[in-house]
Amino acid sequence: MSGTNYQPKDKDKMKDALNGRSIIFVGMMGSGKTAIGKLVAAALGIPFFDSDHEIIAAANLDIPEIFERHGEAYFRAGEERVIQRLITDGPAVISLGGGAFISQTTRDAIAKHGISVWLTADLDLLMNRVMRRPGTRPLLQTADPRATLAELKTVREPVYAKADLHVPSSKVSVATLTLWQLWLPA
């Protein structure tokens, strides 16, 4: 079964189970949050939002420009505001930027209004994915992007582990099927 064509066993049952809450994908940059989030939203027939795209729209600047002009702290404050808005308008599927779940304020809001899903991935897979679009990841604009990503992964994974569900993201189809199986056991 292809992940792009897979439909949940009972779409209405899954939507009802959400009870107005959103599904929020968290994890490292390159873990597949946006790709998988779009599939899940389409399968359920509910809106999809990428918090990074919503931030870009609100700021009228792309993320590297926000970091360059205003710094990471400014970006994170705006990110929190955007996420607060998105999660209270559920149900929806939302992919968060890699650092968003680190915020206790964001985690608390997600716990109240959503179900968090951590997409796990190994360093090689993440590097392969993030290097497909060079220059789009401000935190990796370093002399050694792999070492930087490894350090971020080490720091962030204990926080991601607080998510409600953990799904391996080695392939979108596998992760999507795993998510459905967690929700609707056979």
# chains A, B, ... in the order shown; residues from 1 in each chain; ligands from 1

call {"tool": "residues_around", "arguments": {"residues": "A:Lys33", "least_positions_apart": "6", "cutoff": "8 Å", "atoms": "only C-alpha atoms", "output": "VMD selection string"}}
result
chain A and resid 25 to 27 95 to 96 119

call {"tool": "residues_around", "arguments": {"residues": "A:Arg107", "least_positions_apart": "4", "cutoff": "10 Å", "atoms": "only C-alpha atoms", "output": "VMD selection string"}}
result
chain A and resid 100 to 103 111 to 114 116 159 to 160 162 to 163

call {"tool": "select_by_dssp", "arguments": {"residues": "stretch 19-149 of chain A", "states": "strand (DSSP E)", "output": "PyMOL selection string"}}
result
chain A and resi 22-26+48-50+93-95+114-120

call {"tool": "closest_residue", "arguments": {"among": "A:Glu72, A:Leu126, A:Val167, A:Leu18", "to": "A:Thr148", "atoms": "only C-alpha atoms"}}
result
A:Leu126

call {"tool": "atom_distance", "arguments": {"atom1": "atom CA of A:Val155", "atom2": "atom CA of A:Ile24"}}
result
20.2 Å

call {"tool": "closest_residue", "arguments": {"among": "A:Ala17, A:Ala73, A:Ile87, A:Pro64", "to": "A:Phe48", "atoms": "only C-alpha atoms"}}
result
A:Ile87

call {"tool": "select_by_dssp", "arguments": {"residues": "stretch 74-107 of chain A", "states": "helix (DSSP H, G or I)", "output": "list in words"}}
result
Tyr74, Phe75, Arg76, Ala77, Gly78, Glu79, Glu80, Arg81, Val82, Ile83, Gln84, Arg85, Leu86, Ile87, Ala100, Phe101, Ile102, Gln104, Thr105, Thr106 and Arg107 of chain A
